[in-house]
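Data file: data10.cif. Format and content: mmCIF, C-alpha atoms and all ligand atoms.
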data_my_file
#
loop_
_atom_site.group_PDB
_atom_site.id
_atom_site.type_symbol
_atom_site.label_atom_id
_atom_site.label_comp_id
_atom_site.auth_asym_id
_atom_site.auth_seq_id
_atom_site.Cartn_x
_atom_site.Cartn_y
_atom_site.Cartn_z
ATOM 1 C CA MET A 1008 58.911 28.246 113.976
ATOM 2 C CA PHE A 1009 58.395 31.968 114.406
ATOM 3 C CA PHE A 1010 54.923 31.904 115.889
ATOM 4 C CA PRO A 1011 55.146 33.767 119.183
ATOM 5 C CA VAL A 1012 54.217 30.762 121.280
ATOM 6 C CA PRO A 1013 56.200 30.651 124.513
ATOM 7 C CA ASP A 1014 58.000 27.492 125.555
ATOM 8 C CA TYR A 1015 56.866 27.891 129.149
ATOM 9 C CA MET A 1016 54.165 30.015 130.741
ATOM 10 C CA PHE A 1017 54.128 30.926 134.408
ATOM 11 C CA ASN A 1018 51.844 33.010 136.542
ATOM 12 C CA ARG A 1019 54.579 34.900 138.340
ATOM 13 C CA PHE A 1020 58.338 35.337 137.962
ATOM 14 C CA GLU A 1021 58.932 33.779 141.397
ATOM 15 C CA GLU A 1022 57.872 30.417 139.955
ATOM 16 C CA ILE A 1023 60.916 30.401 137.688
ATOM 17 C CA THR A 1024 63.649 28.819 139.770
ATOM 18 C CA PRO A 1025 67.402 28.774 139.197
ATOM 19 C CA ALA A 1026 67.178 24.949 139.085
ATOM 20 C CA PHE A 1027 64.647 25.123 136.260
ATOM 21 C CA LEU A 1028 66.847 27.447 134.209
ATOM 22 C CA THR A 1029 69.994 25.479 134.919
ATOM 23 C CA ALA A 1030 68.279 22.278 133.778
ATOM 24 C CA LEU A 1031 67.590 24.001 130.452
ATOM 25 C CA GLY A 1032 71.268 24.849 130.128
ATOM 26 C CA VAL A 1033 70.542 28.537 130.583
ATOM 27 C CA ARG A 1034 73.369 30.773 131.767
ATOM 28 C CA CYS A 1035 71.769 34.110 131.027
ATOM 29 C CA LEU A 1036 68.263 35.510 131.354
ATOM 30 C CA LEU A 1037 67.167 38.459 129.248
ATOM 31 C CA CYS A 1038 64.473 39.834 131.483
ATOM 32 C CA ASP A 1039 61.684 42.321 130.828
ATOM 33 C CA ILE A 1040 60.756 44.736 133.629
ATOM 34 C CA ASP A 1041 57.265 46.198 133.200
ATOM 35 C CA ASN A 1042 54.427 43.847 134.028
ATOM 36 C CA THR A 1043 56.948 41.010 134.366
ATOM 37 C CA LEU A 1044 58.873 41.914 137.520
ATOM 38 C CA VAL A 1045 56.861 44.920 138.690
ATOM 39 C CA THR A 1046 53.951 47.066 137.537
ATOM 40 C CA TYR A 1047 54.516 50.163 135.436
ATOM 41 C CA ASP A 1048 53.979 52.173 138.613
ATOM 42 C CA ASP A 1049 56.712 50.515 140.643
ATOM 43 C CA VAL A 1050 59.768 52.670 140.245
ATOM 44 C CA LEU A 1051 62.029 50.347 142.218
ATOM 45 C CA PRO A 1052 62.373 46.556 142.502
ATOM 46 C CA THR A 1053 60.262 44.967 145.220
ATOM 47 C CA GLU A 1054 61.676 42.781 148.000
ATOM 48 C CA SER A 1055 60.491 39.754 146.090
ATOM 49 C CA VAL A 1056 62.313 40.851 142.944
ATOM 50 C CA LEU A 1057 65.498 41.409 144.941
ATOM 51 C CA ARG A 1058 65.293 37.951 146.529
ATOM 52 C CA TRP A 1059 64.645 36.305 143.165
ATOM 53 C CA LEU A 1060 67.507 38.143 141.471
ATOM 54 C CA SER A 1061 69.942 37.165 144.181
ATOM 55 C CA SER A 1062 68.863 33.509 143.937
ATOM 56 C CA LEU A 1063 69.716 33.625 140.219
ATOM 57 C CA LYS A 1064 73.024 35.265 140.944
ATOM 58 C CA GLU A 1065 73.898 32.558 143.442
ATOM 59 C CA ALA A 1066 73.236 29.980 140.738
ATOM 60 C CA ASP A 1067 75.576 31.856 138.372
ATOM 61 C CA ILE A 1068 72.775 32.880 136.047
ATOM 62 C CA LEU A 1069 73.459 36.276 134.589
ATOM 63 C CA VAL A 1070 70.446 38.569 134.324
ATOM 64 C CA ILE A 1071 70.316 41.329 131.736
ATOM 65 C CA LEU A 1072 67.325 43.662 131.948
ATOM 66 C CA LEU A 1073 65.882 44.176 128.485
ATOM 67 C CA SER A 1074 63.186 46.812 128.383
ATOM 68 C CA ASN A 1075 61.440 48.828 125.729
ATOM 69 C CA ASN A 1076 60.813 51.511 128.306
ATOM 70 C CA LYS A 1077 62.827 54.707 128.397
ATOM 71 C CA HIS A 1078 66.292 55.205 129.701
ATOM 72 C CA GLU A 1079 65.335 57.014 132.941
ATOM 73 C CA ARG A 1080 62.864 54.299 133.971
ATOM 74 C CA VAL A 1081 65.275 51.448 133.452
ATOM 75 C CA LEU A 1082 68.206 53.299 134.982
ATOM 76 C CA ARG A 1083 66.227 54.095 138.137
ATOM 77 C CA PHE A 1084 64.993 50.500 138.439
ATOM 78 C CA ALA A 1085 68.433 49.015 137.873
ATOM 79 C CA GLU A 1086 70.331 51.410 140.133
ATOM 80 C CA GLY A 1087 72.093 49.458 142.820
ATOM 81 C CA LEU A 1088 71.246 46.094 141.278
ATOM 82 C CA ASP A 1089 74.653 45.429 139.735
ATOM 83 C CA LEU A 1090 73.061 44.185 136.525
ATOM 84 C CA ALA A 1091 73.572 44.977 132.885
ATOM 85 C CA TRP A 1092 70.518 46.626 131.368
ATOM 86 C CA VAL A 1093 69.219 47.774 128.022
ATOM 87 C CA ALA A 1094 66.583 50.488 127.710
ATOM 88 C CA LYS A 1095 64.621 51.271 124.550
ATOM 89 C CA ALA A 1096 65.521 47.756 123.478
ATOM 90 C CA GLY A 1097 63.289 47.941 120.413
ATOM 91 C CA LYS A 1098 61.798 44.481 121.053
ATOM 92 C CA PRO A 1099 60.867 42.460 119.015
ATOM 93 C CA LEU A 1100 63.949 43.612 117.099
ATOM 94 C CA ILE A 1101 66.995 41.830 118.423
ATOM 95 C CA LYS A 1102 69.849 44.132 117.524
ATOM 96 C CA LYS A 1103 70.325 45.451 121.063
ATOM 97 C CA ALA A 1104 69.674 42.103 122.717
ATOM 98 C CA ARG A 1105 72.265 40.469 120.530
ATOM 99 C CA LYS A 1106 74.786 43.194 121.300
ATOM 100 C CA ALA A 1107 74.216 42.808 125.042
ATOM 101 C CA LEU A 1108 74.742 39.047 124.815
ATOM 102 C CA LYS A 1109 77.878 39.524 122.776
ATOM 103 C CA GLU A 1110 79.253 41.886 125.406
ATOM 104 C CA ALA A 1111 78.437 39.324 128.094
ATOM 105 C CA GLY A 1112 80.099 36.595 126.027
ATOM 106 C CA ILE A 1113 77.066 34.321 126.154
ATOM 107 C CA PRO A 1114 75.584 32.633 123.071
ATOM 108 C CA PRO A 1115 71.805 32.855 122.497
ATOM 109 C CA LYS A 1116 71.612 29.072 122.874
ATOM 110 C CA ARG A 1117 72.529 29.460 126.533
ATOM 111 C CA THR A 1118 70.042 32.276 127.029
ATOM 112 C CA ALA A 1119 66.385 32.419 127.994
ATOM 113 C CA VAL A 1120 64.066 35.359 127.440
ATOM 114 C CA LEU A 1121 61.429 36.277 130.005
ATOM 115 C CA GLY A 1122 58.587 38.737 129.586
ATOM 116 C CA ASP A 1123 54.837 39.231 129.607
ATOM 117 C CA GLN A 1124 54.222 39.951 125.921
ATOM 118 C CA LEU A 1125 54.206 37.494 123.069
ATOM 119 C CA PHE A 1126 54.795 40.005 120.278
ATOM 120 C CA THR A 1127 57.788 41.607 121.941
ATOM 121 C CA ASP A 1128 59.416 39.343 124.520
ATOM 122 C CA VAL A 1129 58.644 35.945 123.054
ATOM 123 C CA TRP A 1130 59.481 37.040 119.555
ATOM 124 C CA VAL A 1131 62.860 38.322 120.728
ATOM 125 C CA GLY A 1132 63.574 34.860 122.068
ATOM 126 C CA LYS A 1133 62.478 33.176 118.865
ATOM 127 C CA PHE A 1134 64.406 35.555 116.607
ATOM 128 C CA LEU A 1135 67.526 35.230 118.742
ATOM 129 C CA GLY A 1136 67.365 31.448 118.722
ATOM 130 C CA ALA A 1137 67.292 31.450 122.524
ATOM 131 C CA ALA A 1138 67.252 28.229 124.525
ATOM 132 C CA ALA A 1139 63.813 29.057 125.868
ATOM 133 C CA THR A 1140 61.116 31.688 125.888
ATOM 134 C CA LEU A 1141 59.267 32.172 129.149
ATOM 135 C CA THR A 1142 56.280 34.314 129.949
ATOM 136 C CA VAL A 1143 54.468 35.387 133.064
ATOM 137 C CA SER A 1144 50.937 36.690 133.335
ATOM 138 C CA PRO A 1145 51.054 40.489 133.140
ATOM 139 C CA ILE A 1146 50.977 41.837 136.689
ATOM 140 C CA ARG A 1147 48.578 44.675 135.906
ATOM 141 C CA ASP A 1148 47.762 45.759 132.377
ATOM 142 C CA LYS A 1149 46.991 49.345 131.509
ATOM 143 C CA LYS A 1150 43.388 49.555 130.445
ATOM 144 C CA SER A 1151 43.992 51.243 127.099
ATOM 145 C CA LEU A 1152 42.430 50.000 123.900
ATOM 146 C CA PHE A 1153 45.900 49.386 122.478
ATOM 147 C CA VAL A 1154 46.861 47.038 125.307
ATOM 148 C CA ARG A 1155 43.513 45.256 125.151
ATOM 149 C CA GLY A 1156 43.983 44.823 121.408
ATOM 150 C CA LYS A 1157 47.427 43.334 121.912
ATOM 151 C CA ARG A 1158 46.145 40.890 124.508
ATOM 152 C CA PHE A 1159 43.298 39.921 122.206
ATOM 153 C CA LEU A 1160 45.755 39.126 119.424
ATOM 154 C CA GLU A 1161 47.836 37.016 121.812
ATOM 155 C CA ARG A 1162 44.905 34.736 122.566
ATOM 156 C CA PRO A 1163 45.226 32.217 119.721
ATOM 157 C CA PHE A 1164 48.902 31.677 120.552
ATOM 158 C CA ILE A 1165 48.137 31.150 124.221
ATOM 159 C CA ALA A 1166 45.425 28.698 123.188
ATOM 160 C CA PHE A 1167 47.996 26.907 121.032
ATOM 161 C CA TYR A 1168 50.342 26.691 124.004
ATOM 162 C CA LYS A 1169 47.599 25.265 126.213
ATOM 163 C CA ARG A 1170 46.625 22.632 123.666
ATOM 164 C CA ARG A 1171 50.244 21.603 123.313
ATOM 165 C CA GLU A 1172 50.653 21.338 127.087
ATOM 166 C CA ALA A 1173 47.464 19.281 127.348
ATOM 167 C CA LYS A 1174 48.798 16.899 124.704
ATOM 168 C CA LYS A 1175 52.109 16.580 126.517
ATOM 169 C CA GLN A 1176 50.281 15.767 129.732
ATOM 170 C CA LYS A 1177 48.157 13.151 128.058
ATOM 171 C CA PHE A 1178 51.198 11.567 126.478
ATOM 172 C CA GLY A 1179 53.053 11.669 129.790
ATOM 173 C CA GLN A 1180 50.191 9.936 131.590
ATOM 174 C CA LYS A 1181 49.973 7.214 128.954
ATOM 175 C CA SER A 1182 53.651 6.393 129.137
ATOM 176 C CA GLY A 1183 53.384 6.491 132.937
ATOM 177 C CA GLN A 1184 50.631 3.893 132.823
ATOM 178 C CA LYS A 1185 52.745 1.684 130.604
ATOM 179 C CA GLU A 1186 55.527 1.723 133.125
ATOM 180 C CA GLU A 1187 53.182 0.596 135.854
ATOM 181 C CA ARG A 1188 52.170 -2.531 134.015
HETATM 182 MG MG MG B 1201 56.453 43.959 129.753
#
What would you get if you wrote out this structure as structure tokens?
Amino acid sequence: MFFPVPDYMFNRFEEITPAFLTALGVRCLLCDIDNTLVTYDDVLPTESVLRWLSSLKEADILVILLSNNKHERVLRFAEGLDLAWVAKAGKPLIKKARKALKEAGIPPKRTAVLGDQLFTDVWVGKFLGAAATLTVSPIRDKKSLFVRGKRFLERPFIAFYKRREAKKQKFGQKSGQKEER
């Protein structure tokens, strides 16, 4: 299904733990930068980003930064991080993402995609056939009409996600009750 409905939604990237990714069989995370890890105004990774990245590294999860932003921005952010990165990634097109995975020797099925936008990040994951697509709430959106329009168009897919989660919960509770009897 190519609807841009994420598999998992989080509020912040810190909520995504190495254990969670490992349980999904994920060995590589294609990770957006802007509004996912930091705001557009943060030139460098924050302390929290650094801690999170090193926890993934410890768990042997490879992180590849995949950004539609320009070369200079991504280079500056990634400097000193010892990570592979792709600027001007052209998301939701997957040509560059696929190339980066090929170079890393990791199949899409062992990869998760993380970002804040359904029509770029989540679609990349879907088109790649990734193990999972993950989103976080955008840290701080620009207040342009274009961004507001995009967020408006995302709404039905987020609603779909929430309904699906609610159903899962209901089902989970029912089976839990059965076990108690
Ligand atoms: Mg973003």
At a cut-off of 7 Å from (52.5, 27.5, 129.7) in the coordinates of the file, what residues are picked up using only C-alpha atoms, written as a PyMOL selection string?
chain A and resi 1014-1017+1168-1169+1172
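Every protein, DNA or RNA residue with an atom at most 12 Å from Ser1062 of chain A, where all atoms listed in the file count and chain neighbours fewer than 4 positions away do not, is listed here: Glu1021, Ile1023, Thr1024, Pro1025, Ala1026, Leu1028, Ser1055, Val1056, Leu1057, Arg1058, Ala1066, Asp1067, Ile1068, Leu1069 and Val1070 of chain A.
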What does the file look like for those residues with C-alpha atoms, as a PDB file, in the coordinates of the input?
ATOM      1  CA  GLU A1021      58.932  33.779 141.397  1.00  0.00           C
ATOM      2  CA  ILE A1023      60.916  30.401 137.688  1.00  0.00           C
ATOM      3  CA  THR A1024      63.649  28.819 139.770  1.00  0.00           C
ATOM      4  CA  PRO A1025      67.402  28.774 139.197  1.00  0.00           C
ATOM      5  CA  ALA A1026      67.178  24.949 139.085  1.00  0.00           C
ATOM      6  CA  LEU A1028      66.847  27.447 134.209  1.00  0.00           C
ATOM      7  CA  SER A1055      60.491  39.754 146.090  1.00  0.00           C
ATOM      8  CA  VAL A1056      62.313  40.851 142.944  1.00  0.00           C
ATOM      9  CA  LEU A1057      65.498  41.409 144.941  1.00  0.00           C
ATOM     10  CA  ARG A1058      65.293  37.951 146.529  1.00  0.00           C
ATOM     11  CA  ALA A1066      73.236  29.980 140.738  1.00  0.00           C
ATOM     12  CA  ASP A1067      75.576  31.856 138.372  1.00  0.00           C
ATOM     13  CA  ILE A1068      72.775  32.880 136.047  1.00  0.00           C
ATOM     14  CA  LEU A1069      73.459  36.276 134.589  1.00  0.00           C
ATOM     15  CA  VAL A1070      70.446  38.569 134.324  1.00  0.00           C
TER      16      VAL A1070
END
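With only C-alpha atoms as the atoms that count, the minimum distance from Ile1040 of chain A to the choices A:Ile1101, A:Ile1146, A:Gly1132, A:Pro1011 is reached by A:Ile1146.
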Starting from the shown file, work through the PyMOL selection byres (((chain A and resi 1107) around 12) and not hetatm) and note down what comes out as a ChimeraX atom specification.
/A:1035-1037,1069-1073,1090-1094,1096,1101-1106,1108-1115,1118,1135
Okay, now the selection with C-alpha atoms, as a short mmCIF file (atom, residue, chain, number, x, y, z; two decimals), keeping the file's coordinate frame?
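Output (again07.cif):
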data_model
loop_
_atom_site.label_atom_id
_atom_site.label_comp_id
_atom_site.auth_asym_id
_atom_site.auth_seq_id
_atom_site.Cartn_x
_atom_site.Cartn_y
_atom_site.Cartn_z
CA CYS A 1035 71.77 34.11 131.03
CA LEU A 1036 68.26 35.51 131.35
CA LEU A 1037 67.17 38.46 129.25
CA LEU A 1069 73.46 36.28 134.59
CA VAL A 1070 70.45 38.57 134.32
CA ILE A 1071 70.32 41.33 131.74
CA LEU A 1072 67.32 43.66 131.95
CA LEU A 1073 65.88 44.18 128.49
CA LEU A 1090 73.06 44.18 136.52
CA ALA A 1091 73.57 44.98 132.88
CA TRP A 1092 70.52 46.63 131.37
CA VAL A 1093 69.22 47.77 128.02
CA ALA A 1094 66.58 50.49 127.71
CA ALA A 1096 65.52 47.76 123.48
CA ILE A 1101 67.00 41.83 118.42
CA LYS A 1102 69.85 44.13 117.52
CA LYS A 1103 70.32 45.45 121.06
CA ALA A 1104 69.67 42.10 122.72
CA ARG A 1105 72.26 40.47 120.53
CA LYS A 1106 74.79 43.19 121.30
CA LEU A 1108 74.74 39.05 124.82
CA LYS A 1109 77.88 39.52 122.78
CA GLU A 1110 79.25 41.89 125.41
CA ALA A 1111 78.44 39.32 128.09
CA GLY A 1112 80.10 36.60 126.03
CA ILE A 1113 77.07 34.32 126.15
CA PRO A 1114 75.58 32.63 123.07
CA PRO A 1115 71.81 32.85 122.50
CA THR A 1118 70.04 32.28 127.03
CA LEU A 1135 67.53 35.23 118.74
#
Test item: residues lying within 6 Å of ligand MG 1201 (chain B) with all atoms listed in the file, as a JSON list (two decimals) with C-alpha atoms, keeping the file's coordinate frame:
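Now in part_14.json:
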[["chain", "number", "residue", "atom", "x", "y", "z"],
["A", 1039, "ASP", "CA", 61.68, 42.32, 130.83],
["A", 1040, "ILE", "CA", 60.76, 44.74, 133.63],
["A", 1041, "ASP", "CA", 57.26, 46.20, 133.20],
["A", 1042, "ASN", "CA", 54.43, 43.85, 134.03],
["A", 1043, "THR", "CA", 56.95, 41.01, 134.37],
["A", 1122, "GLY", "CA", 58.59, 38.74, 129.59],
["A", 1123, "ASP", "CA", 54.84, 39.23, 129.61],
["A", 1124, "GLN", "CA", 54.22, 39.95, 125.92]]
At what distance in Å, to one decimal, does atom CA of Lys1095 of chain A lie from atom CA of Asn1076 of chain A?
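Separation between atom CA of Asn1076 of chain A and atom CA of Lys1095 of chain A: 5.4 Å.
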Do you know which residues the PyMOL selection byres (((chain A and resi 1129) around 12) and not hetatm) returns on this file, as a ChimeraX atom specification?
/A:1008-1016,1037-1039,1098-1101,1119-1128,1130-1143,1161,1164-1165
May I ask for the distance between atom CA of Glu1079 of chain A and atom CA of Arg1117 of chain A, given in Å to one decimal place?
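Straight-line distance from atom CA of Glu1079 of chain A to atom CA of Arg1117 of chain A works out to 29.2 Å.
Taking atom CA of Val1050 of chain A and atom CA of Phe1020 of chain A as the two end points, the separation is 17.5 Å.
Closest approach to Phe1027 of chain A among A:Asp1048, A:Arg1155, A:Leu1063, A:Ala1173: A:Leu1063, based on only C-alpha atoms.
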